[in-house]
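Here's input.csv, which has CSV, C-alpha atoms:
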```csv
chain,number,residue,atom,x,y,z
A,1,MET,CA,48.4,73.3,84.5
A,2,LYS,CA,48.8,70.3,86.7
A,3,GLU,CA,52.0,70.0,88.7
A,4,SER,CA,52.6,66.6,87.2
A,5,LEU,CA,53.2,68.4,83.9
A,6,LEU,CA,56.7,69.3,85.2
A,7,ASP,CA,57.8,65.8,84.3
A,8,ILE,CA,57.2,66.3,80.6
A,9,VAL,CA,58.3,69.9,80.0
A,10,CYS,CA,61.7,71.5,80.0
A,11,CYS,CA,63.4,74.7,79.1
A,12,PRO,CA,63.1,75.1,75.3
A,13,LEU,CA,66.6,76.6,75.2
A,14,ASP,CA,68.8,74.1,77.0
A,15,LYS,CA,66.3,71.3,77.7
A,16,GLU,CA,67.1,71.4,81.5
A,17,GLU,CA,64.5,71.0,84.2
A,18,LEU,CA,62.1,73.8,85.3
A,19,ASP,CA,61.3,74.9,88.8
A,20,LEU,CA,57.7,75.9,89.6
A,21,GLU,CA,56.7,79.0,91.6
A,22,VAL,CA,52.9,79.1,92.2
A,23,ASP,CA,51.0,82.5,92.4
A,24,GLU,CA,47.5,81.1,92.1
A,25,ARG,CA,46.1,77.6,92.4
A,26,GLU,CA,42.5,76.2,91.8
A,27,ASP,CA,41.2,72.7,92.0
A,28,GLY,CA,44.7,71.2,92.0
A,29,GLU,CA,45.8,73.2,89.0
A,30,VAL,CA,48.3,76.0,88.8
A,31,LEU,CA,46.5,79.0,87.2
A,32,ALA,CA,49.3,81.5,87.5
A,33,GLY,CA,52.9,81.3,88.3
A,34,THR,CA,56.4,81.1,86.9
A,35,LEU,CA,58.6,78.3,85.6
A,36,THR,CA,62.3,78.9,85.9
A,37,CYS,CA,65.1,77.0,84.2
A,38,THR,CA,67.3,75.3,86.9
A,39,GLU,CA,70.3,75.8,84.6
A,40,CYS,CA,70.1,79.1,82.6
A,41,GLY,CA,67.6,80.9,84.9
A,42,GLU,CA,65.3,81.9,82.0
A,43,THR,CA,61.7,82.3,83.2
A,44,TYR,CA,58.4,81.2,81.6
A,45,PRO,CA,55.1,82.6,82.7
A,46,ILE,CA,52.0,80.6,83.5
A,47,GLU,CA,48.8,82.5,82.7
A,48,ASP,CA,45.2,81.3,82.8
A,49,GLY,CA,46.6,77.8,83.5
A,50,ILE,CA,48.7,77.8,80.3
A,51,PRO,CA,52.5,77.8,80.6
A,52,ASN,CA,54.1,79.8,77.9
A,53,LEU,CA,57.1,77.8,76.9
A,54,LEU,CA,58.1,79.7,73.8
A,55,PRO,CA,61.7,80.9,73.7
A,56,PRO,CA,61.8,84.6,74.9
A,57,ASP,CA,62.3,85.9,71.3
A,58,MET,CA,59.0,84.3,70.1
A,59,ARG,CA,56.8,85.5,73.0
A,60,GLU,CA,54.9,88.4,71.5
A,61,GLU,CA,51.1,87.9,71.1
A,62,SER,CA,50.7,88.9,67.5
A,63,PRO,CA,51.9,86.9,64.5
A,64,ALA,CA,55.0,87.8,62.5
B,1,MET,CA,40.9,84.4,47.1
B,2,ASP,CA,43.0,84.3,50.2
B,3,LEU,CA,43.5,81.5,52.7
B,4,ALA,CA,40.9,82.8,55.2
B,5,GLU,CA,38.3,82.8,52.4
B,6,ARG,CA,39.2,79.3,51.4
B,7,ARG,CA,38.7,78.0,54.9
B,8,GLY,CA,35.9,80.2,56.2
B,9,VAL,CA,35.8,83.3,58.3
B,10,GLU,CA,37.6,82.3,61.5
B,11,THR,CA,40.8,84.3,61.6
B,12,ASP,CA,42.3,83.3,64.9
B,13,VAL,CA,42.1,79.5,65.3
B,14,TYR,CA,41.8,76.7,62.7
B,15,GLN,CA,38.6,74.8,63.3
B,16,PRO,CA,38.2,71.1,62.9
B,17,ALA,CA,37.8,70.0,59.3
B,18,GLU,CA,38.2,66.7,57.3
B,19,ASP,CA,41.9,66.5,58.1
B,20,SER,CA,41.3,66.8,61.8
B,21,GLY,CA,38.6,64.1,61.6
B,22,LEU,CA,40.9,61.7,59.7
B,23,LEU,CA,43.8,62.1,62.1
B,24,ALA,CA,41.5,61.7,65.1
B,25,ALA,CA,39.9,58.6,63.7
B,26,GLU,CA,43.3,56.9,63.0
B,27,ALA,CA,44.9,58.0,66.2
B,28,GLU,CA,42.0,56.9,68.5
B,29,SER,CA,42.1,53.4,67.2
B,30,ARG,CA,45.9,53.1,67.6
B,31,VAL,CA,46.6,54.8,71.0
B,32,ASP,CA,46.5,52.8,74.2
B,33,ALA,CA,45.3,53.9,77.6
B,34,ASP,CA,48.8,53.9,79.1
B,35,ASP,CA,50.4,55.9,76.3
B,36,ARG,CA,51.7,59.4,77.0
B,37,VAL,CA,50.5,61.4,74.0
B,38,LEU,CA,51.6,64.9,72.7
B,39,GLU,CA,49.6,66.7,70.1
B,40,VAL,CA,51.6,69.4,68.4
B,41,GLY,CA,49.7,72.3,66.8
B,42,THR,CA,46.5,71.3,68.5
B,43,GLY,CA,44.5,74.3,67.2
B,44,SER,CA,41.0,74.1,68.7
B,45,GLY,CA,42.0,71.0,70.6
B,46,TYR,CA,39.5,68.7,68.8
B,47,VAL,CA,41.9,65.9,67.9
B,48,ALA,CA,43.5,65.8,71.4
B,49,GLU,CA,40.1,65.8,73.1
B,50,ARG,CA,38.8,62.9,70.9
B,51,VAL,CA,41.9,60.8,71.5
B,52,ALA,CA,41.9,61.5,75.3
B,53,GLU,CA,38.2,60.6,75.6
B,54,GLU,CA,38.2,57.6,73.3
B,55,THR,CA,41.4,56.0,74.6
B,56,GLY,CA,41.8,57.2,78.2
B,57,ALA,CA,45.4,58.1,77.4
B,58,SER,CA,47.0,61.1,79.0
B,59,VAL,CA,47.2,63.8,76.2
B,60,LEU,CA,49.1,67.0,76.3
B,61,ALA,CA,48.1,69.6,73.7
B,62,SER,CA,50.4,72.3,72.5
B,63,ASP,CA,50.2,75.2,70.0
B,64,LEU,CA,52.2,78.3,69.0
B,65,ASN,CA,49.0,80.4,68.9
B,66,PRO,CA,47.8,81.8,72.2
B,67,HIS,CA,44.1,81.8,71.0
B,68,ALA,CA,44.4,78.1,70.1
B,69,CYS,CA,45.9,77.4,73.5
B,70,ARG,CA,42.9,79.0,75.2
B,71,GLN,CA,40.4,77.1,73.0
B,72,ALA,CA,42.1,73.8,73.7
B,73,ARG,CA,42.1,74.5,77.4
B,74,GLU,CA,38.3,75.1,77.3
B,75,ARG,CA,38.1,71.4,76.3
B,76,ASP,CA,39.7,70.5,79.7
B,77,LEU,CA,43.0,69.5,78.1
B,78,ASP,CA,46.5,70.0,79.5
B,79,VAL,CA,47.8,72.7,77.3
B,80,VAL,CA,51.2,74.4,76.8
B,81,ARG,CA,52.2,77.2,74.4
B,82,ALA,CA,55.2,75.9,72.5
B,83,ASP,CA,57.1,76.0,69.3
B,84,LEU,CA,56.8,72.4,68.0
B,85,THR,CA,58.6,70.0,70.3
B,86,THR,CA,61.2,72.4,71.7
B,87,PRO,CA,60.1,72.5,75.4
B,88,PHE,CA,59.8,68.7,75.9
B,89,PRO,CA,62.4,66.4,77.4
B,90,GLU,CA,64.0,63.4,75.8
B,91,SER,CA,61.8,60.3,75.3
B,92,ALA,CA,58.8,62.0,77.0
B,93,PHE,CA,56.1,60.7,74.7
B,94,ASP,CA,54.9,57.3,73.4
B,95,VAL,CA,52.8,59.0,70.7
B,96,VAL,CA,53.1,62.3,68.9
B,97,LEU,CA,50.2,63.6,66.7
B,98,PHE,CA,50.5,66.4,64.2
B,99,ASN,CA,48.1,67.9,61.7
B,100,PRO,CA,50.6,70.5,60.4
B,101,PRO,CA,50.3,73.7,58.5
B,102,TYR,CA,50.8,72.2,55.0
B,103,LEU,CA,49.5,74.5,52.3
B,104,PRO,CA,52.2,75.8,49.9
B,105,VAL,CA,51.7,79.5,50.0
B,106,ASP,CA,51.6,82.0,47.3
B,107,GLU,CA,53.7,84.8,48.8
B,108,LEU,CA,51.5,87.5,47.2
B,109,ALA,CA,48.5,86.1,49.2
B,110,GLU,CA,50.3,86.2,52.6
B,111,ARG,CA,48.2,87.7,55.4
B,112,ASP,CA,50.3,87.7,58.5
B,113,ASP,CA,47.5,86.5,60.8
B,114,TRP,CA,47.2,83.4,63.0
B,115,MET,CA,45.1,81.6,60.5
B,116,GLU,CA,47.8,81.9,57.9
B,117,ILE,CA,50.3,80.5,60.4
B,118,ALA,CA,47.9,77.6,61.0
B,119,LEU,CA,47.7,76.8,57.3
B,120,SER,CA,50.9,77.8,55.7
B,121,GLY,CA,53.8,75.4,55.2
B,122,GLY,CA,55.9,78.0,53.4
B,123,GLU,CA,56.7,77.9,49.7
B,124,THR,CA,56.9,74.1,49.5
B,125,GLY,CA,54.2,73.4,52.1
B,126,ARG,CA,56.8,71.3,54.0
B,127,GLU,CA,58.7,73.9,56.0
B,128,VAL,CA,56.9,73.3,59.3
B,129,ILE,CA,56.9,69.5,58.7
B,130,GLU,CA,60.6,69.6,58.2
B,131,ALA,CA,61.3,71.5,61.3
B,132,PHE,CA,59.0,69.1,63.2
B,133,LEU,CA,60.9,66.0,61.8
B,134,ASP,CA,64.2,67.6,62.8
B,135,ASP,CA,63.4,67.5,66.6
B,136,VAL,CA,60.5,65.1,67.2
B,137,GLY,CA,62.9,62.0,67.5
B,138,ARG,CA,64.4,63.6,70.6
B,139,VAL,CA,61.1,63.7,72.5
B,140,LEU,CA,59.8,60.3,71.3
B,141,ALA,CA,60.3,57.2,73.4
B,142,PRO,CA,62.5,54.5,71.7
B,143,ASP,CA,59.5,52.5,70.6
B,144,GLY,CA,57.2,55.5,70.1
B,145,ARG,CA,55.2,56.3,67.0
B,146,ILE,CA,54.1,59.5,65.2
B,147,PHE,CA,50.8,60.0,63.4
B,148,LEU,CA,51.3,62.8,60.9
B,149,LEU,CA,48.6,64.1,58.5
B,150,VAL,CA,49.9,64.9,55.0
B,151,SER,CA,48.2,66.2,51.9
B,152,SER,CA,48.9,65.5,48.3
B,153,LEU,CA,49.3,69.3,48.0
B,154,THR,CA,52.3,69.0,50.3
B,155,GLY,CA,53.9,66.0,48.6
B,156,VAL,CA,53.6,62.7,50.5
B,157,ASP,CA,56.6,61.2,48.8
B,158,GLU,CA,58.8,64.1,49.8
B,159,VAL,CA,57.6,64.0,53.4
B,160,VAL,CA,58.3,60.2,53.5
B,161,GLU,CA,61.8,60.8,52.2
B,162,ARG,CA,62.5,63.6,54.7
B,163,ALA,CA,61.2,61.3,57.5
B,164,ALA,CA,63.6,58.6,56.4
B,165,ALA,CA,66.5,61.1,56.5
B,166,ALA,CA,65.4,61.8,60.1
B,167,GLY,CA,65.5,58.1,60.9
B,168,PHE,CA,61.9,57.1,60.6
B,169,SER,CA,60.1,54.6,58.4
B,170,ALA,CA,56.7,55.6,57.2
B,171,ALA,CA,53.5,53.6,56.5
B,172,ALA,CA,50.4,55.2,55.1
B,173,LEU,CA,47.5,54.1,57.3
B,174,ARG,CA,44.6,55.7,55.3
B,175,ASP,CA,44.0,57.9,52.3
B,176,GLU,CA,40.9,60.0,51.7
B,177,SER,CA,40.3,61.9,48.5
B,178,TYR,CA,38.7,65.3,48.4
B,179,PRO,CA,38.1,67.6,45.3
B,180,PHE,CA,41.4,69.5,45.7
B,181,GLU,CA,43.6,67.1,47.6
B,182,THR,CA,44.1,63.6,49.0
B,183,LEU,CA,44.8,63.4,52.7
B,184,THR,CA,47.0,60.7,54.1
B,185,VAL,CA,47.7,59.7,57.7
B,186,LEU,CA,51.3,58.5,58.0
B,187,LYS,CA,52.6,56.4,60.8
B,188,LEU,CA,56.3,57.0,61.5
B,189,VAL,CA,58.4,54.7,63.6
B,190,ARG,CA,62.1,54.2,64.0
```
This entry written out as structure tokens:
Amino acid sequence: MKESLLDIVCCPLDKEELDLEVDEREDGEVLAGTLTCTECGETYPIEDGIPNLLPPDMREESPA
Amino acid sequence: MDLAERRGVETDVYQPAEDSGLLAAEAESRVDADDRVLEVGTGSGYVAERVAEETGASVLASDLNPHACRQARERDLDVVRADLTTPFPESAFDVVLFNPPYLPVDELAERDDWMEIALSGGETGREVIEAFLDDVGRVLAPDGRIFLLVSSLTGVDEVVERAAAAGFSAAALRDESYPFETLTVLKLVR
């Protein structure tokens, strides 16, 4: 993800802003890292450049 | 015959079909270069990519399905994994696009795989559309517009009524008839 994406995403639970912590960067994109809600502290992983902004109870990989 | 057989063999990610083409064609002629666009339920990313390429607008693609997110990212799109519009802030987008899961599902034929989630709108065919309409107004800019694909199998009048209840007026931009359904692109504005 591009860092500019931070302007148009928020915590799915309380809609507050997210802080970015970068683990891996390539060509100006964040490939791996963590987004943390500035209000509730919930964390959202970024893997392979894709932030997973599902609420924690929906995060498992396989469908229902 | 189950849903996967109806739509072909792909079981992880819905691939572009007539509905995708219709939504892309309408959206790309109505999106401006300075619009901020969100496509919900992007699937393979086909519609988002076409709109981004044809209009120059900045397009964010999202999907619940991790396989879809990866396919969309292979098209060089900005992608987030999300449940509908839940992780987006107020008034973030000028345009929201959605080709929703809209088939009414026979519970006996339920499959519990990603393709079913991509196709199924629950018993009425409108469950995902209704959840979408409940929150999309929050993330849409005041003069924003929504392009929503609806099928006759889902009930266009019922969707228009529900949109009205959520504060939107609807206009049908285009209808296309196919052997088993008529597809309509609705434009929703406040």
Could you please select, counting only C-alpha atoms, the residues of chain B within 10 Å of chain A and state them as a PyMOL selection string?
-> chain B and resi 36+38+60+62-67+69-70+73+77-93+111-117+139
Output of the above residues as a PDB file, in the coordinates of the input, restricted to C-alpha atoms:
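Once everything was written out, this is out18.pdb:
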```pdb
ATOM      1  CA  ARG B  36      51.700  59.400  77.000  1.00  0.00           C
ATOM      2  CA  LEU B  38      51.600  64.900  72.700  1.00  0.00           C
ATOM      3  CA  LEU B  60      49.100  67.000  76.300  1.00  0.00           C
ATOM      4  CA  SER B  62      50.400  72.300  72.500  1.00  0.00           C
ATOM      5  CA  ASP B  63      50.200  75.200  70.000  1.00  0.00           C
ATOM      6  CA  LEU B  64      52.200  78.300  69.000  1.00  0.00           C
ATOM      7  CA  ASN B  65      49.000  80.400  68.900  1.00  0.00           C
ATOM      8  CA  PRO B  66      47.800  81.800  72.200  1.00  0.00           C
ATOM      9  CA  HIS B  67      44.100  81.800  71.000  1.00  0.00           C
ATOM     10  CA  CYS B  69      45.900  77.400  73.500  1.00  0.00           C
ATOM     11  CA  ARG B  70      42.900  79.000  75.200  1.00  0.00           C
ATOM     12  CA  ARG B  73      42.100  74.500  77.400  1.00  0.00           C
ATOM     13  CA  LEU B  77      43.000  69.500  78.100  1.00  0.00           C
ATOM     14  CA  ASP B  78      46.500  70.000  79.500  1.00  0.00           C
ATOM     15  CA  VAL B  79      47.800  72.700  77.300  1.00  0.00           C
ATOM     16  CA  VAL B  80      51.200  74.400  76.800  1.00  0.00           C
ATOM     17  CA  ARG B  81      52.200  77.200  74.400  1.00  0.00           C
ATOM     18  CA  ALA B  82      55.200  75.900  72.500  1.00  0.00           C
ATOM     19  CA  ASP B  83      57.100  76.000  69.300  1.00  0.00           C
ATOM     20  CA  LEU B  84      56.800  72.400  68.000  1.00  0.00           C
ATOM     21  CA  THR B  85      58.600  70.000  70.300  1.00  0.00           C
ATOM     22  CA  THR B  86      61.200  72.400  71.700  1.00  0.00           C
ATOM     23  CA  PRO B  87      60.100  72.500  75.400  1.00  0.00           C
ATOM     24  CA  PHE B  88      59.800  68.700  75.900  1.00  0.00           C
ATOM     25  CA  PRO B  89      62.400  66.400  77.400  1.00  0.00           C
ATOM     26  CA  GLU B  90      64.000  63.400  75.800  1.00  0.00           C
ATOM     27  CA  SER B  91      61.800  60.300  75.300  1.00  0.00           C
ATOM     28  CA  ALA B  92      58.800  62.000  77.000  1.00  0.00           C
ATOM     29  CA  PHE B  93      56.100  60.700  74.700  1.00  0.00           C
ATOM     30  CA  ARG B 111      48.200  87.700  55.400  1.00  0.00           C
ATOM     31  CA  ASP B 112      50.300  87.700  58.500  1.00  0.00           C
ATOM     32  CA  ASP B 113      47.500  86.500  60.800  1.00  0.00           C
ATOM     33  CA  TRP B 114      47.200  83.400  63.000  1.00  0.00           C
ATOM     34  CA  MET B 115      45.100  81.600  60.500  1.00  0.00           C
ATOM     35  CA  GLU B 116      47.800  81.900  57.900  1.00  0.00           C
ATOM     36  CA  ILE B 117      50.300  80.500  60.400  1.00  0.00           C
ATOM     37  CA  VAL B 139      61.100  63.700  72.500  1.00  0.00           C
TER      38      VAL B 139
END
```
So how many Å separate atom CA of B:Asp19 and atom CA of B:Pro104, to one decimal?
->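 Straight-line distance from atom CA of B:Asp19 to atom CA of B:Pro104 works out to 16.1 Å.
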How many Å separate atom CA of B:Leu140 from atom CA of B:Val59?
-> 14.0 Å
Could you tell me which of B:Ser20, B:Asp34, B:Phe180, B:Val150 comes closest to B:Glu49 if we count all atoms listed in the file?
->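 Nearest to B:Glu49: B:Ser20.
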Identify, on the basis of only C-alpha atoms, every residue whose closest approach to B:Val105 does not exceed 7 Å; exclude the query and any residue fewer than 3 positions from it along the same chain; express the result as a PyMOL selection string.
-> chain B and resi 120-123+125
Please produce a file of the residues just selected, as a PDB file, keeping the file's coordinate frame, where the atoms kept are C-alpha atoms.
```pdb
ATOM      1  CA  SER B 120      50.900  77.800  55.700  1.00  0.00           C
ATOM      2  CA  GLY B 121      53.800  75.400  55.200  1.00  0.00           C
ATOM      3  CA  GLY B 122      55.900  78.000  53.400  1.00  0.00           C
ATOM      4  CA  GLU B 123      56.700  77.900  49.700  1.00  0.00           C
ATOM      5  CA  GLY B 125      54.200  73.400  52.100  1.00  0.00           C
TER       6      GLY B 125
END
```
Provide the atom CA of A:Val30 to atom CA of A:Thr43 distance in Å, to one decimal place.
->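 Atom CA of A:Val30 sits 15.8 Å away from atom CA of A:Thr43.
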Given the choices B:Glu54, B:Glu18, B:Glu74, B:Asp106, which gets closest to B:Thr184 if the distance is worked out from all atoms listed in the file?
->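 For B:Thr184, the nearest of the candidates is B:Glu18.
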